[in-house]
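The structure appears right after this line, and notes come after that.
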Amino acid sequence: MSIRGNISEILSDLPEGVEVVAAAKARTPEEVLEVVQSGVRIVGENYVQEAEKAYEMVGGEVKWHFIGHLQKNKVKKAVKIFDMIETVDSVEVAKEIDKRCEQIGKVLPILVEINSGDEEQKSGVSPKDAEQLIREISSFKNIKVMGLMTMGPRFGNPEDSRPYFIKTREIFDKIKKLNLPNVEMRYLSMGMTNSYKIAIEEGANIVRIGTKLFGERNYVEDK
Ligand SMILES: *Cc1c(COP(=O)(O)O)cnc(C)c1O
């Protein structure tokens with residue numbers, strides 16, 4: 001099917017209030033432009049450099065979310081392009097985001113990435129440390145914590161992802177109840193091509209979809 005066909009299929013059976021992020025890693029700026037022209041309103045980028053190229057062609061009509069692992073030395077460029085960083089998982093990176101945002105007079109919405117499977121090689125904060133991290137990040141004036149994001153372990157059977165989505169949802173609810181200053185728990189970003197329907201059942205209101213929008217990637221995952 002065409003990109004346009006894929007998108008209308010996904011958008012047509014998405015519950016109200018759930019937003020699609022087009023996960024654009026390894027796609028050309030032309031492909032990104034096509035998904036945007038087909039009705040997707042948020043583009044998700046894993047790499048700052050790829051984002052800059054796509055941004056040149058697509059522009060600021062859509063929202064740009066950073067969904068990759070953010071290195072400190074990329075933060076300065078990232079805060080200029082992105083409307084949200086979904087993958088904050090340390091005070092160090094948050095502090096750098098705060099500093100770079102202050103320099104350009106911006107308050108940036110972020111999500112905290114949860115390593116819901118507590119996997120050693122994965123990025124994200126461990127579920128047991130999430131609350132403490134959010135309390136620390138909430139003191140930064142140029143950052144606004146707006147929810148959580150998780151990848152979860154990779155499975156062939158999407159049903160196996162469910163417990164990790166439930167766990168992330170529980171952390172989300174718990175932190176929301178705390179009513180921390182400068183924290184507004186509004187977004188829960190969970191689920192990809194093979195798992196997004198289950199993620200929505202467990203409370204996701206942002207789903208990040210690559211393959212099902214663009215087709216298969218000719219490219220090896222880096223995590
Ligand atoms: C690649 C990627 C996705 C989308 O993966 P698909 O399986 O192609 O839908 C979602 N989130 C993140 C963080 C990704 O890197």
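We label chains A, B, ... in the order they appear in the structure tokens, count residues from 1 in each chain, and number ligands from 1 in the order shown.
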
Strand (DSSP E or B) call set, DSSP backbone run, region 135-170 of chain A, as a list in words:
Ile143, Lys144, Val145, Met146, Gly147, Leu148, Met149 and Thr150 of chain A

Fewer than 5 positions away in the same chain doesn't count, so skip those; otherwise give me all residues within 6 Å of Val125 (chain A), counting only C-alpha atoms, as a ChimeraX atom specification.
/A:89,114-115

Keeping only all heavy atoms, write those residues as a compact mmCIF listing (two decimals), in the first residue's frame.
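Below is the file that was written, selection12.txt:
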# COMPACT_ATOMS: atom_id res chain seq x y z
N ASP A 89 16.24 10.96 30.30
CA ASP A 89 16.38 9.89 31.29
C ASP A 89 17.47 10.15 32.33
O ASP A 89 17.85 9.26 33.07
CB ASP A 89 16.61 8.53 30.60
CG ASP A 89 17.92 8.48 29.83
OD1 ASP A 89 18.64 9.51 29.79
OD2 ASP A 89 18.23 7.42 29.26
N ILE A 114 11.00 5.77 30.35
CA ILE A 114 11.05 4.70 31.35
C ILE A 114 11.61 3.43 30.70
O ILE A 114 11.11 2.97 29.67
CB ILE A 114 9.63 4.39 31.89
CG1 ILE A 114 8.93 5.64 32.42
CG2 ILE A 114 9.70 3.29 32.97
CD1 ILE A 114 9.55 6.25 33.65
N ASN A 115 12.62 2.86 31.30
CA ASN A 115 13.15 1.56 30.87
C ASN A 115 12.30 0.48 31.53
O ASN A 115 12.67 -0.11 32.54
CB ASN A 115 14.62 1.48 31.27
CG ASN A 115 15.28 0.17 30.86
OD1 ASN A 115 14.65 -0.71 30.26
ND2 ASN A 115 16.55 0.05 31.18

Between atom 14 (C, counted along the ligand's line) of ligand 1 and CA of Glu201 (chain A), what is the distance, to one decimal in Å?
19.7 Å

Report, in Å to a single decimal, how far apart CA of Lys80 (chain A) and CA of Gly60 (chain A) are.
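Interatomic distance here is 11.2 Å.
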
Write out as a ChimeraX atom specification each polymer residue (protein, DNA or RNA) that has an atom no more than 6 Å from ligand 1, with only C-alpha atoms and all ligand atoms counted.
/A:23,67-68,192-193,208-211

Dump all heavy atoms for the selected residues as a PDB file, in the first residue's frame?
ATOM      1  N   ALA A  23       7.438   7.849  13.056  1.00  0.00           N
ATOM      2  CA  ALA A  23       8.832   7.563  13.430  1.00  0.00           C
ATOM      3  C   ALA A  23       9.660   7.494  12.152  1.00  0.00           C
ATOM      4  O   ALA A  23       9.573   6.541  11.389  1.00  0.00           O
ATOM      5  CB  ALA A  23       8.909   6.264  14.216  1.00  0.00           C
ATOM      6  N   ILE A  67      12.854  11.349  19.549  1.00  0.00           N
ATOM      7  CA  ILE A  67      12.530  10.047  20.160  1.00  0.00           C
ATOM      8  C   ILE A  67      13.742   9.119  20.270  1.00  0.00           C
ATOM      9  O   ILE A  67      13.599   7.955  20.626  1.00  0.00           O
ATOM     10  CB  ILE A  67      11.385   9.330  19.392  1.00  0.00           C
ATOM     11  CG1 ILE A  67      11.783   9.029  17.942  1.00  0.00           C
ATOM     12  CG2 ILE A  67      10.100  10.169  19.427  1.00  0.00           C
ATOM     13  CD1 ILE A  67      10.752   8.162  17.192  1.00  0.00           C
ATOM     14  N   GLY A  68      14.933   9.646  19.955  1.00  0.00           N
ATOM     15  CA  GLY A  68      16.133   8.804  20.034  1.00  0.00           C
ATOM     16  C   GLY A  68      16.856   9.014  21.352  1.00  0.00           C
ATOM     17  O   GLY A  68      16.345   9.640  22.270  1.00  0.00           O
ATOM     18  N   MET A 192       4.541   0.809  19.152  1.00  0.00           N
ATOM     19  CA  MET A 192       5.100   1.001  17.829  1.00  0.00           C
ATOM     20  C   MET A 192       4.255   0.163  16.856  1.00  0.00           C
ATOM     21  O   MET A 192       3.151  -0.261  17.208  1.00  0.00           O
ATOM     22  CB  MET A 192       6.568   0.568  17.828  1.00  0.00           C
ATOM     23  CG  MET A 192       7.233   1.007  19.118  1.00  0.00           C
ATOM     24  SD  MET A 192       9.015   1.030  19.226  1.00  0.00           S
ATOM     25  CE  MET A 192       9.614  -0.221  18.165  1.00  0.00           C
ATOM     26  N   THR A 193       4.796  -0.057  15.655  1.00  0.00           N
ATOM     27  CA  THR A 193       3.983  -0.738  14.637  1.00  0.00           C
ATOM     28  C   THR A 193       3.301  -2.009  15.152  1.00  0.00           C
ATOM     29  O   THR A 193       2.106  -2.197  14.985  1.00  0.00           O
ATOM     30  CB  THR A 193       4.855  -1.072  13.400  1.00  0.00           C
ATOM     31  OG1 THR A 193       5.167   0.155  12.745  1.00  0.00           O
ATOM     32  CG2 THR A 193       4.123  -1.994  12.432  1.00  0.00           C
ATOM     33  N   ARG A 208       4.020   5.768  18.425  1.00  0.00           N
ATOM     34  CA  ARG A 208       5.108   6.118  17.497  1.00  0.00           C
ATOM     35  C   ARG A 208       5.213   5.028  16.437  1.00  0.00           C
ATOM     36  O   ARG A 208       5.612   3.907  16.745  1.00  0.00           O
ATOM     37  CB  ARG A 208       6.422   6.260  18.265  1.00  0.00           C
ATOM     38  CG  ARG A 208       6.343   7.210  19.465  1.00  0.00           C
ATOM     39  CD  ARG A 208       7.648   7.194  20.243  1.00  0.00           C
ATOM     40  NE  ARG A 208       8.115   5.846  20.527  1.00  0.00           N
ATOM     41  CZ  ARG A 208       7.791   5.149  21.609  1.00  0.00           C
ATOM     42  NH1 ARG A 208       7.033   5.658  22.545  1.00  0.00           N
ATOM     43  NH2 ARG A 208       8.249   3.923  21.755  1.00  0.00           N
ATOM     44  N   ILE A 209       4.852   5.356  15.221  1.00  0.00           N
ATOM     45  CA  ILE A 209       4.737   4.324  14.196  1.00  0.00           C
ATOM     46  C   ILE A 209       5.653   4.632  13.016  1.00  0.00           C
ATOM     47  O   ILE A 209       5.605   5.730  12.465  1.00  0.00           O
ATOM     48  CB  ILE A 209       3.273   4.203  13.731  1.00  0.00           C
ATOM     49  CG1 ILE A 209       2.388   3.892  14.951  1.00  0.00           C
ATOM     50  CG2 ILE A 209       3.137   3.121  12.672  1.00  0.00           C
ATOM     51  CD1 ILE A 209       0.922   3.735  14.629  1.00  0.00           C
ATOM     52  N   GLY A 210       6.511   3.665  12.684  1.00  0.00           N
ATOM     53  CA  GLY A 210       7.412   3.815  11.540  1.00  0.00           C
ATOM     54  C   GLY A 210       7.005   2.889  10.404  1.00  0.00           C
ATOM     55  O   GLY A 210       6.439   3.310   9.402  1.00  0.00           O
ATOM     56  N   THR A 211       7.295   1.610  10.595  1.00  0.00           N
ATOM     57  CA  THR A 211       7.118   0.620   9.522  1.00  0.00           C
ATOM     58  C   THR A 211       5.721   0.644   8.908  1.00  0.00           C
ATOM     59  O   THR A 211       5.571   0.595   7.695  1.00  0.00           O
ATOM     60  CB  THR A 211       7.407  -0.785  10.082  1.00  0.00           C
ATOM     61  OG1 THR A 211       8.671  -0.742  10.751  1.00  0.00           O
ATOM     62  CG2 THR A 211       7.457  -1.821   8.979  1.00  0.00           C
TER      63      THR A 211
END

Test item: residues at most 8 Å from Arg169 (chain A), only C-alpha atoms, excluding those fewer than 2 positions along its chain, as a PyMOL selection string
chain A and resi 165-167+171-173+188+202-203

Applying 12 Å and only C-alpha atoms, which residues near Gln132 (chain A) remain after dropping the ones on its own chain fewer than 4 positions away? List them as a PyMOL selection string.
chain A and resi 89-91+112+125-128+136-139+171+175+178+180

From A:Thr168, A:Ser2, A:Asn142, A:Asn194, residue lying nearest Gln103 (chain A) [only C-alpha atoms]:
A:Asn142

Could you state the separation of CA of Gln71 (chain A) and CA of Leu133 (chain A) in Å, given to one decimal place?
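Computing it gives 17.7 Å between the two atoms.
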
With distances taken over only C-alpha atoms, which of A:Asn218, A:Lys76, A:Val32, A:Leu213 is nearest to Met1 (chain A)?
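Selected residue with least distance to Met1 (chain A): A:Leu213.
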
Taking the DSSP secondary structure from the backbone, can you list the residues of region 129-160 of chain A that are helix (DSSP H, G or I), as a PyMOL selection string?
chain A and resi 129-137+158-160

Do you know which residues are at most 10 Å from Lys72 (chain A) counting only C-alpha atoms, after dropping those on the same chain fewer than 2 positions away, and could you put them as JSON, numbers by chain?
{"A": [69, 70, 74, 75, 76, 78, 92, 93, 94, 95, 96, 97]}

May I have the residues within 9 Å of Ile81 (chain A) as a list in words, using only C-alpha atoms and disregarding those fewer than 4 positions away in the same chain?
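Surrounding residues, per the criterion: Val48, Ala51, Glu52, Tyr55, Gly60, Trp64, His65 and Lys77 of chain A.
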
Mind dumping a table of every region 55-143 of chain A residue within 10 Å of region 152-156 of chain A, with the nearest atom pair and its distance in Å to one decimal, using only C-alpha atoms, sorted by chain and rising number, as a Markdown table?
| residue | atom | partner | partner_atom | distance |
| --- | --- | --- | --- | --- |
| A:Ile114 | CA | A:Gly152 | CA | 8.3 |
| A:Asn115 | CA | A:Gly152 | CA | 6.6 |
| A:Ser116 | CA | A:Gly152 | CA | 5.5 |
| A:Gly117 | CA | A:Gly152 | CA | 5.6 |
| A:Asp118 | CA | A:Gly152 | CA | 8.7 |
| A:Glu119 | CA | A:Pro153 | CA | 7.6 |
| A:Lys122 | CA | A:Pro153 | CA | 8.9 |
| A:Gly124 | CA | A:Gly152 | CA | 9.8 |

Written selection (N, CA and C atoms) as a PDB file, in the first residue's frame:
ATOM      1  N   ILE A 114      10.996   5.766  30.348  1.00  0.00           N
ATOM      2  CA  ILE A 114      11.048   4.696  31.347  1.00  0.00           C
ATOM      3  C   ILE A 114      11.611   3.431  30.697  1.00  0.00           C
ATOM      4  N   ASN A 115      12.618   2.861  31.303  1.00  0.00           N
ATOM      5  CA  ASN A 115      13.149   1.561  30.866  1.00  0.00           C
ATOM      6  C   ASN A 115      12.295   0.484  31.527  1.00  0.00           C
ATOM      7  N   SER A 116      11.109   0.277  30.953  1.00  0.00           N
ATOM      8  CA  SER A 116      10.082  -0.495  31.667  1.00  0.00           C
ATOM      9  C   SER A 116      10.450  -1.962  31.829  1.00  0.00           C
ATOM     10  N   GLY A 117      11.373  -2.449  31.011  1.00  0.00           N
ATOM     11  CA  GLY A 117      11.829  -3.829  31.180  1.00  0.00           C
ATOM     12  C   GLY A 117      13.085  -3.923  32.045  1.00  0.00           C
ATOM     13  N   ASP A 118      13.527  -2.791  32.586  1.00  0.00           N
ATOM     14  CA  ASP A 118      14.780  -2.746  33.342  1.00  0.00           C
ATOM     15  C   ASP A 118      15.888  -3.488  32.596  1.00  0.00           C
ATOM     16  N   GLU A 119      15.994  -3.223  31.295  1.00  0.00           N
ATOM     17  CA  GLU A 119      17.007  -3.901  30.483  1.00  0.00           C
ATOM     18  C   GLU A 119      18.318  -3.132  30.562  1.00  0.00           C
ATOM     19  N   LYS A 122      19.455  -0.852  27.596  1.00  0.00           N
ATOM     20  CA  LYS A 122      18.474   0.110  27.051  1.00  0.00           C
ATOM     21  C   LYS A 122      18.562   1.461  27.748  1.00  0.00           C
ATOM     22  N   GLY A 124      16.667   5.002  29.156  1.00  0.00           N
ATOM     23  CA  GLY A 124      15.486   5.158  30.000  1.00  0.00           C
ATOM     24  C   GLY A 124      15.857   4.982  31.462  1.00  0.00           C
TER      25      GLY A 124
END

What's the 10 Å shell around Glu159 (chain A), counting only C-alpha atoms, without same-chain residues fewer than 6 positions away, as a list in words?
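Those residues are Asn194, Ser195, Lys197, Ile198 and Ala199 of chain A.
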